[in-house]
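Reproduced below: model10.csv, with CSV, C-alpha atoms.
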chain,number,residue,atom,x,y,z
A,1,MET,CA,154.5,77.7,56.6
A,2,SER,CA,151.7,78.7,54.3
A,3,LEU,CA,148.6,76.6,53.9
A,4,PRO,CA,149.3,75.6,50.3
A,5,ARG,CA,152.8,74.4,51.1
A,6,PHE,CA,151.5,72.5,54.2
A,7,SER,CA,148.9,70.8,52.0
A,8,VAL,CA,151.5,69.7,49.5
A,9,ASN,CA,153.9,68.4,52.1
A,10,GLN,CA,151.2,66.7,54.1
A,11,SER,CA,149.1,65.3,51.3
A,12,LEU,CA,148.2,62.1,53.1
A,13,PHE,CA,146.8,64.1,56.1
A,14,ILE,CA,144.8,66.4,53.8
A,15,ASN,CA,143.3,63.5,51.9
A,16,LEU,CA,142.3,61.8,55.2
A,17,VAL,CA,140.6,65.0,56.5
A,18,SER,CA,138.8,65.4,53.1
A,19,VAL,CA,137.5,61.8,53.3
A,20,ILE,CA,136.3,62.3,56.9
A,21,LEU,CA,134.5,65.5,56.0
A,22,ILE,CA,132.7,63.8,53.1
A,23,ILE,CA,131.6,60.9,55.3
A,24,ILE,CA,130.3,63.3,58.0
A,25,GLY,CA,128.5,65.4,55.4
A,26,PHE,CA,126.9,62.3,53.9
A,27,ILE,CA,125.7,61.1,57.3
A,28,VAL,CA,124.3,64.5,58.1
A,29,PHE,CA,122.5,64.6,54.8
A,30,LEU,CA,120.8,61.3,55.4
A,31,GLY,CA,119.6,62.5,58.8
A,32,ILE,CA,118.0,65.7,57.6
A,33,ASN,CA,114.2,65.7,57.4
A,34,LYS,CA,113.1,66.3,53.8
A,35,GLU,CA,109.7,67.1,52.4
A,36,ILE,CA,108.7,67.4,48.8
A,37,PHE,CA,106.0,70.0,49.6
A,38,PRO,CA,106.8,71.4,53.0
A,39,ASN,CA,104.1,73.5,54.8
A,40,VAL,CA,105.3,77.1,54.9
A,41,SER,CA,103.8,79.8,57.0
A,42,PHE,CA,103.6,83.3,55.4
A,43,ASP,CA,103.1,85.2,58.7
A,44,VAL,CA,99.6,86.2,57.6
A,45,ALA,CA,96.1,85.6,59.0
A,46,SER,CA,92.8,86.2,57.4
A,47,ILE,CA,89.4,86.9,59.0
A,48,THR,CA,86.4,86.1,56.7
A,49,THR,CA,82.9,87.0,57.8
A,50,THR,CA,79.7,86.3,55.7
A,51,PHE,CA,76.6,88.5,56.1
A,52,ALA,CA,74.1,87.3,53.5
A,53,GLY,CA,72.2,90.0,51.6
A,54,ALA,CA,74.1,93.0,53.1
A,55,THR,CA,75.4,95.8,51.1
A,56,PRO,CA,79.2,96.7,51.1
A,57,GLN,CA,78.4,99.8,53.2
A,58,ASP,CA,76.6,97.7,55.8
A,59,VAL,CA,79.3,95.1,55.9
A,60,GLU,CA,82.0,97.7,56.5
A,61,LYS,CA,80.0,99.5,59.2
A,62,LEU,CA,78.6,96.6,61.1
A,63,ILE,CA,81.4,94.0,60.7
A,64,THR,CA,84.7,95.1,59.3
A,65,VAL,CA,85.1,98.3,61.4
A,66,PRO,CA,84.2,96.6,64.8
A,67,ILE,CA,86.6,93.7,64.1
A,68,GLU,CA,89.4,96.1,63.1
A,69,LYS,CA,89.0,98.0,66.4
A,70,GLU,CA,89.5,94.8,68.4
A,71,LEU,CA,92.5,93.8,66.3
A,72,ARG,CA,94.4,97.0,67.0
A,73,GLN,CA,94.7,96.0,70.6
A,74,VAL,CA,96.7,92.8,69.6
A,75,ASP,CA,100.5,93.0,70.0
A,76,GLY,CA,102.6,91.6,67.2
A,77,ILE,CA,100.6,92.8,64.2
A,78,GLU,CA,102.5,94.8,61.6
A,79,GLU,CA,99.7,95.7,59.2
A,80,ILE,CA,95.9,95.3,58.8
A,81,ASN,CA,94.1,95.6,55.4
A,82,SER,CA,90.4,95.0,54.9
A,83,SER,CA,87.9,94.7,52.1
A,84,SER,CA,84.1,94.9,52.3
A,85,ALA,CA,82.0,93.6,49.5
A,86,ALA,CA,78.4,92.6,49.2
A,87,SER,CA,77.7,89.9,51.9
A,88,LEU,CA,81.4,89.4,52.7
A,89,SER,CA,84.0,91.0,54.9
A,90,PHE,CA,87.6,90.1,54.4
A,91,ILE,CA,90.4,91.3,56.8
A,92,TYR,CA,94.1,90.6,56.0
A,93,VAL,CA,96.4,90.7,59.0
A,94,LYS,CA,100.2,90.7,58.6
A,95,ILE,CA,102.2,89.5,61.6
A,96,ASP,CA,105.4,91.3,62.6
A,97,PRO,CA,108.4,89.3,61.1
A,98,ASP,CA,110.4,90.0,64.3
A,99,GLU,CA,107.7,88.4,66.4
A,100,THR,CA,109.2,85.2,68.0
A,101,ASN,CA,105.9,83.5,69.0
A,102,LYS,CA,103.7,83.8,66.0
A,103,GLN,CA,101.3,81.2,67.1
A,104,LYS,CA,100.5,83.3,70.2
A,105,VAL,CA,99.7,86.2,67.9
A,106,ILE,CA,97.3,83.9,65.9
A,107,ARG,CA,95.6,82.9,69.2
A,108,ASP,CA,95.4,86.6,70.3
A,109,ILE,CA,93.8,87.4,67.0
A,110,GLN,CA,91.2,84.7,67.5
A,111,SER,CA,90.5,85.9,71.0
A,112,ALA,CA,90.1,89.5,69.8
A,113,VAL,CA,87.6,88.4,67.1
A,114,ASP,CA,85.7,86.5,69.7
A,115,LYS,CA,85.4,89.6,71.8
A,116,VAL,CA,83.6,91.6,69.1
A,117,LYS,CA,80.2,92.6,70.4
A,118,GLY,CA,77.1,93.9,68.6
A,119,LEU,CA,77.4,91.9,65.3
A,120,PRO,CA,74.1,91.4,63.5
A,121,ASP,CA,72.2,88.2,64.4
A,122,ASP,CA,72.3,87.0,60.8
A,123,VAL,CA,76.1,87.2,60.6
A,124,ASP,CA,78.0,83.9,60.4
A,125,ASP,CA,80.8,83.5,62.9
A,126,PRO,CA,84.0,85.1,61.7
A,127,LEU,CA,86.5,82.6,60.5
A,128,VAL,CA,90.1,83.2,61.5
A,129,THR,CA,92.6,81.3,59.3
A,130,GLU,CA,96.4,81.3,59.2
A,131,VAL,CA,97.6,81.5,55.7
A,132,THR,CA,100.1,78.7,54.9
A,133,SER,CA,101.2,76.9,51.8
A,134,LYS,CA,99.1,74.0,52.8
A,135,GLN,CA,96.0,75.9,51.7
A,136,TYR,CA,97.2,76.3,48.1
A,137,PRO,CA,96.7,73.4,45.7
A,138,ILE,CA,99.7,71.2,44.9
A,139,ILE,CA,98.2,69.6,41.8
A,140,GLU,CA,95.4,70.9,39.6
A,141,VAL,CA,93.4,68.5,37.4
A,142,SER,CA,91.1,69.9,34.7
A,143,LEU,CA,88.2,68.0,33.1
A,144,SER,CA,86.7,68.8,29.7
A,145,GLY,CA,84.8,67.0,27.0
A,146,ARG,CA,82.0,67.2,24.5
A,147,MET,CA,79.2,66.4,27.0
A,148,SER,CA,76.6,68.2,29.1
A,149,GLU,CA,77.6,70.0,32.2
A,150,HIS,CA,75.6,67.5,34.3
A,151,GLN,CA,77.6,64.6,32.9
A,152,LEU,CA,80.9,66.4,33.4
A,153,GLN,CA,80.0,67.1,37.1
A,154,ARG,CA,79.3,63.4,37.6
A,155,TYR,CA,82.8,62.5,36.3
A,156,ALA,CA,84.2,65.2,38.6
A,157,ASP,CA,82.3,63.8,41.6
A,158,THR,CA,83.6,60.3,40.8
A,159,LEU,CA,87.2,61.6,40.4
A,160,GLU,CA,86.9,63.5,43.7
A,161,ASP,CA,85.9,60.3,45.6
A,162,ILE,CA,88.9,58.4,44.1
A,163,LEU,CA,91.4,61.1,45.0
A,164,GLU,CA,90.1,61.4,48.5
A,165,ASP,CA,90.9,57.7,49.1
A,166,ILE,CA,94.6,58.3,48.3
A,167,GLU,CA,96.7,58.4,51.5
A,168,GLY,CA,98.1,61.9,52.2
A,169,VAL,CA,95.4,63.8,50.4
A,170,ALA,CA,94.0,66.3,52.9
A,171,ARG,CA,91.4,68.2,50.9
A,172,ILE,CA,90.1,68.6,47.4
A,173,ARG,CA,88.6,71.9,46.3
A,174,LYS,CA,86.5,72.1,43.1
A,175,SER,CA,86.4,75.3,41.1
A,176,GLY,CA,84.2,76.1,38.1
A,177,TYR,CA,81.7,73.7,39.6
A,178,ARG,CA,78.2,75.2,39.6
A,179,GLN,CA,75.8,73.8,42.2
A,180,ARG,CA,72.3,73.1,41.0
A,181,GLU,CA,69.8,75.7,42.1
A,182,ILE,CA,66.3,76.9,41.6
A,183,GLN,CA,65.9,80.5,40.6
A,184,ILE,CA,62.6,82.3,41.4
A,185,LEU,CA,61.7,85.4,39.4
A,186,VAL,CA,59.0,87.6,41.0
A,187,ASP,CA,56.5,89.7,39.2
A,188,GLN,CA,56.9,93.3,40.3
A,189,GLU,CA,53.4,94.3,39.3
A,190,LYS,CA,51.8,91.5,41.3
A,191,LEU,CA,54.0,92.3,44.3
A,192,SER,CA,52.6,95.8,44.3
A,193,GLN,CA,49.0,94.6,43.6
A,194,TYR,CA,49.0,92.2,46.6
A,195,TYR,CA,51.2,94.3,48.8
A,196,VAL,CA,53.7,91.5,49.2
A,197,SER,CA,57.4,92.2,49.9
A,198,LEU,CA,60.4,90.1,48.9
A,199,ASP,CA,61.0,89.3,52.6
A,200,GLU,CA,57.6,87.7,52.8
A,201,ILE,CA,58.2,85.6,49.7
A,202,GLU,CA,61.6,84.5,51.2
A,203,SER,CA,60.0,83.6,54.5
A,204,ALA,CA,57.2,81.6,52.8
A,205,LEU,CA,59.7,79.6,50.7
A,206,ALA,CA,61.8,78.9,53.8
A,207,ALA,CA,58.8,77.7,55.8
A,208,ARG,CA,57.8,75.3,53.0
A,209,ASN,CA,61.2,73.9,52.3
A,210,ILE,CA,62.6,72.5,55.6
A,211,SER,CA,64.4,69.4,56.6
A,212,LEU,CA,63.7,68.0,60.0
A,213,PRO,CA,64.4,64.6,61.6
A,214,ALA,CA,61.1,62.7,61.8
A,215,GLY,CA,62.3,59.9,64.1
A,216,LYS,CA,61.8,56.2,63.5
A,217,LEU,CA,58.7,54.4,62.3
A,218,ASN,CA,58.6,50.6,62.6
A,219,THR,CA,56.1,48.6,60.6
A,220,GLN,CA,55.8,44.8,60.1
A,221,ASN,CA,58.0,44.8,57.0
A,222,THR,CA,60.2,47.8,57.3
Take the structure from the file and write it as structure tokens.
Amino acid sequence: MSLPRFSVNQSLFINLVSVILIIIGFIVFLGINKEIFPNVSFDVASITTTFAGATPQDVEKLITVPIEKELRQVDGIEEINSSSAASLSFIYVKIDPDETNKQKVIRDIQSAVDKVKGLPDDVDDPLVTEVTSKQYPIIEVSLSGRMSEHQLQRYADTLEDILEDIEGVARIRKSGYRQREIQILVDQEKLSQYYVSLDEIESALAARNISLPAGKLNTQNT
């Protein structure tokens, strides 16, 4: 007997099976974990290293190349790409899609980076980060208005404090927000006249602008 003929002759049985399947499907649907913005891993890791004041050539020779040599010994890596810019080394590591334990590969990458020897003393510790969707913004808020940049930054700081108090907000990142700074322009002729280098000026400024804990001083009133 063919399936269509059986379905016609046993309509009550077919309807009962259909109802049971719908009920089971509804129960399974309610039990499935659901997320509006799930955290997705892209099987990618990045290594970022900062070397303030270094040229791209120095960054590549002293930082990028030594780190790449250690990374080549890690199993589970499909591809390594790097970029060396002024003061910054960025290495992009793609994990093999067939690798079953990707977290182990991430740990091995961190261990390989920690083994790198001979980095300059002024280099910040390399930062190994697994690239996931959690690092990308879910919502972007823009502020604009006919006001000074300082006033706009005050509104941005206030909004940041409000958003950080919302449950579930992990991090807020501001872009286009310029930090206040003091720029010092040197006179090339006076540098030559007094035989002063830029390094000496930098050291003098650093020695006169320090922040150290001074302890606790008790008086009668304070």
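For the pair CA of Ile47 (chain A) and CA of Ser175 (chain A), the separation is 21.5 Å.
Distance-wise, CA of Asp161 (chain A) and CA of Gly145 (chain A) end up 19.8 Å apart.
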Please, what distance in Å, to one decimal, runs between CA of Glu181 (chain A) and CA of Thr158 (chain A)? 20.7 Å
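Distances to Leu198 (chain A) were evaluated for A:Tyr155, A:Ile172, A:Ile184, A:Asn101 using all atoms listed in the file, and the minimum falls at A:Ile184.
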What lies within 10 Å of Ser111 (chain A) using only C-alpha atoms, ignoring chain neighbours under 5 positions off, as an MDAnalysis selection string? chainID A and resid 70:71 74 105:106 116 128
Each residue of region 92-116 of chain A lying at most 12 Å from region 129-144 of chain A should get a row with its shortest atom-to-atom pair and the distance in Å to one decimal, counting only C-alpha atoms; could you produce that, ordered by chain and increasing number, as CSV?
residue,atom,partner,partner_atom,distance
A:Tyr92,CA,A:Val131,CA,9.8
A:Val93,CA,A:Glu130,CA,9.4
A:Lys94,CA,A:Val131,CA,10.0
A:Ile95,CA,A:Glu130,CA,10.3
A:Lys102,CA,A:Glu130,CA,10.3
A:Gln103,CA,A:Glu130,CA,9.3
A:Lys104,CA,A:Glu130,CA,11.9
A:Val105,CA,A:Glu130,CA,10.5
A:Ile106,CA,A:Glu130,CA,7.2
A:Arg107,CA,A:Glu130,CA,10.2
A:Ile109,CA,A:Thr129,CA,9.9
A:Gln110,CA,A:Thr129,CA,9.0
A:Val113,CA,A:Thr129,CA,11.7
Within 12 Å of region 51-62 of chain A, counting all atoms listed in the file, which residues qualify if same-chain residues fewer than 5 places away don't, as a ChimeraX atom specification? /A:67-69,82-91,116-126,199,202
Please, can region 76-102 of chain A be completed to N, CA and C atoms and returned as a PDB file, keeping the file's coordinate frame?
ATOM      1  N   GLY A  76     101.989  92.457  68.174  1.00  0.00           N
ATOM      2  CA  GLY A  76     102.600  91.600  67.200  1.00  0.00           C
ATOM      3  C   GLY A  76     102.074  91.699  65.796  1.00  0.00           C
ATOM      4  N   ILE A  77     101.137  92.624  65.573  1.00  0.00           N
ATOM      5  CA  ILE A  77     100.600  92.800  64.200  1.00  0.00           C
ATOM      6  C   ILE A  77     101.282  93.992  63.556  1.00  0.00           C
ATOM      7  N   GLU A  78     101.755  93.772  62.346  1.00  0.00           N
ATOM      8  CA  GLU A  78     102.500  94.800  61.600  1.00  0.00           C
ATOM      9  C   GLU A  78     101.517  95.639  60.734  1.00  0.00           C
ATOM     10  N   GLU A  79     100.519  94.987  60.142  1.00  0.00           N
ATOM     11  CA  GLU A  79      99.700  95.700  59.200  1.00  0.00           C
ATOM     12  C   GLU A  79      98.295  95.020  59.129  1.00  0.00           C
ATOM     13  N   ILE A  80      97.254  95.837  58.946  1.00  0.00           N
ATOM     14  CA  ILE A  80      95.900  95.300  58.800  1.00  0.00           C
ATOM     15  C   ILE A  80      95.281  95.958  57.544  1.00  0.00           C
ATOM     16  N   ASN A  81      94.789  95.124  56.651  1.00  0.00           N
ATOM     17  CA  ASN A  81      94.100  95.600  55.400  1.00  0.00           C
ATOM     18  C   ASN A  81      92.727  94.879  55.403  1.00  0.00           C
ATOM     19  N   SER A  82      91.728  95.589  54.922  1.00  0.00           N
ATOM     20  CA  SER A  82      90.400  95.000  54.900  1.00  0.00           C
ATOM     21  C   SER A  82      89.712  95.320  53.568  1.00  0.00           C
ATOM     22  N   SER A  83      88.729  94.480  53.262  1.00  0.00           N
ATOM     23  CA  SER A  83      87.900  94.700  52.100  1.00  0.00           C
ATOM     24  C   SER A  83      86.495  94.258  52.394  1.00  0.00           C
ATOM     25  N   SER A  84      85.559  95.159  52.079  1.00  0.00           N
ATOM     26  CA  SER A  84      84.100  94.900  52.300  1.00  0.00           C
ATOM     27  C   SER A  84      83.392  94.866  51.020  1.00  0.00           C
ATOM     28  N   ALA A  85      82.760  93.734  50.773  1.00  0.00           N
ATOM     29  CA  ALA A  85      82.000  93.600  49.500  1.00  0.00           C
ATOM     30  C   ALA A  85      80.569  93.151  49.935  1.00  0.00           C
ATOM     31  N   ALA A  86      79.735  92.978  48.944  1.00  0.00           N
ATOM     32  CA  ALA A  86      78.400  92.600  49.200  1.00  0.00           C
ATOM     33  C   ALA A  86      78.368  91.184  49.876  1.00  0.00           C
ATOM     34  N   SER A  87      77.824  91.122  51.088  1.00  0.00           N
ATOM     35  CA  SER A  87      77.700  89.900  51.900  1.00  0.00           C
ATOM     36  C   SER A  87      78.966  89.334  52.415  1.00  0.00           C
ATOM     37  N   LEU A  88      80.104  90.016  52.243  1.00  0.00           N
ATOM     38  CA  LEU A  88      81.400  89.400  52.700  1.00  0.00           C
ATOM     39  C   LEU A  88      82.333  90.486  53.204  1.00  0.00           C
ATOM     40  N   SER A  89      82.931  90.175  54.352  1.00  0.00           N
ATOM     41  CA  SER A  89      84.000  91.000  54.900  1.00  0.00           C
ATOM     42  C   SER A  89      85.271  90.183  54.981  1.00  0.00           C
ATOM     43  N   PHE A  90      86.345  90.763  54.455  1.00  0.00           N
ATOM     44  CA  PHE A  90      87.600  90.100  54.400  1.00  0.00           C
ATOM     45  C   PHE A  90      88.695  90.987  55.040  1.00  0.00           C
ATOM     46  N   ILE A  91      89.362  90.522  56.083  1.00  0.00           N
ATOM     47  CA  ILE A  91      90.400  91.300  56.800  1.00  0.00           C
ATOM     48  C   ILE A  91      91.721  90.514  56.667  1.00  0.00           C
ATOM     49  N   TYR A  92      92.750  91.212  56.218  1.00  0.00           N
ATOM     50  CA  TYR A  92      94.100  90.600  56.000  1.00  0.00           C
ATOM     51  C   TYR A  92      95.015  91.180  57.070  1.00  0.00           C
ATOM     52  N   VAL A  93      95.576  90.296  57.894  1.00  0.00           N
ATOM     53  CA  VAL A  93      96.400  90.700  59.000  1.00  0.00           C
ATOM     54  C   VAL A  93      97.845  90.171  58.766  1.00  0.00           C
ATOM     55  N   LYS A  94      98.814  91.060  58.738  1.00  0.00           N
ATOM     56  CA  LYS A  94     100.200  90.700  58.600  1.00  0.00           C
ATOM     57  C   LYS A  94     100.920  90.735  59.909  1.00  0.00           C
ATOM     58  N   ILE A  95     101.539  89.620  60.292  1.00  0.00           N
ATOM     59  CA  ILE A  95     102.200  89.500  61.600  1.00  0.00           C
ATOM     60  C   ILE A  95     103.626  90.099  61.455  1.00  0.00           C
ATOM     61  N   ASP A  96     104.082  90.749  62.523  1.00  0.00           N
ATOM     62  CA  ASP A  96     105.400  91.300  62.600  1.00  0.00           C
ATOM     63  C   ASP A  96     106.468  90.236  62.341  1.00  0.00           C
ATOM     64  N   PRO A  97     107.354  90.371  61.345  1.00  0.00           N
ATOM     65  CA  PRO A  97     108.400  89.300  61.100  1.00  0.00           C
ATOM     66  C   PRO A  97     109.304  89.121  62.291  1.00  0.00           C
ATOM     67  N   ASP A  98     109.476  90.143  63.123  1.00  0.00           N
ATOM     68  CA  ASP A  98     110.400  90.000  64.300  1.00  0.00           C
ATOM     69  C   ASP A  98     109.703  89.340  65.464  1.00  0.00           C
ATOM     70  N   GLU A  99     108.417  89.040  65.348  1.00  0.00           N
ATOM     71  CA  GLU A  99     107.700  88.400  66.400  1.00  0.00           C
ATOM     72  C   GLU A  99     108.200  86.955  66.591  1.00  0.00           C
ATOM     73  N   THR A 100     108.598  86.579  67.797  1.00  0.00           N
ATOM     74  CA  THR A 100     109.200  85.200  68.000  1.00  0.00           C
ATOM     75  C   THR A 100     108.089  84.173  68.137  1.00  0.00           C
ATOM     76  N   ASN A 101     106.996  84.501  68.805  1.00  0.00           N
ATOM     77  CA  ASN A 101     105.900  83.500  69.000  1.00  0.00           C
ATOM     78  C   ASN A 101     104.721  83.884  68.154  1.00  0.00           C
ATOM     79  N   LYS A 102     104.757  83.466  66.907  1.00  0.00           N
ATOM     80  CA  LYS A 102     103.700  83.800  66.000  1.00  0.00           C
ATOM     81  C   LYS A 102     102.392  83.096  66.247  1.00  0.00           C
TER      82      LYS A 102
END
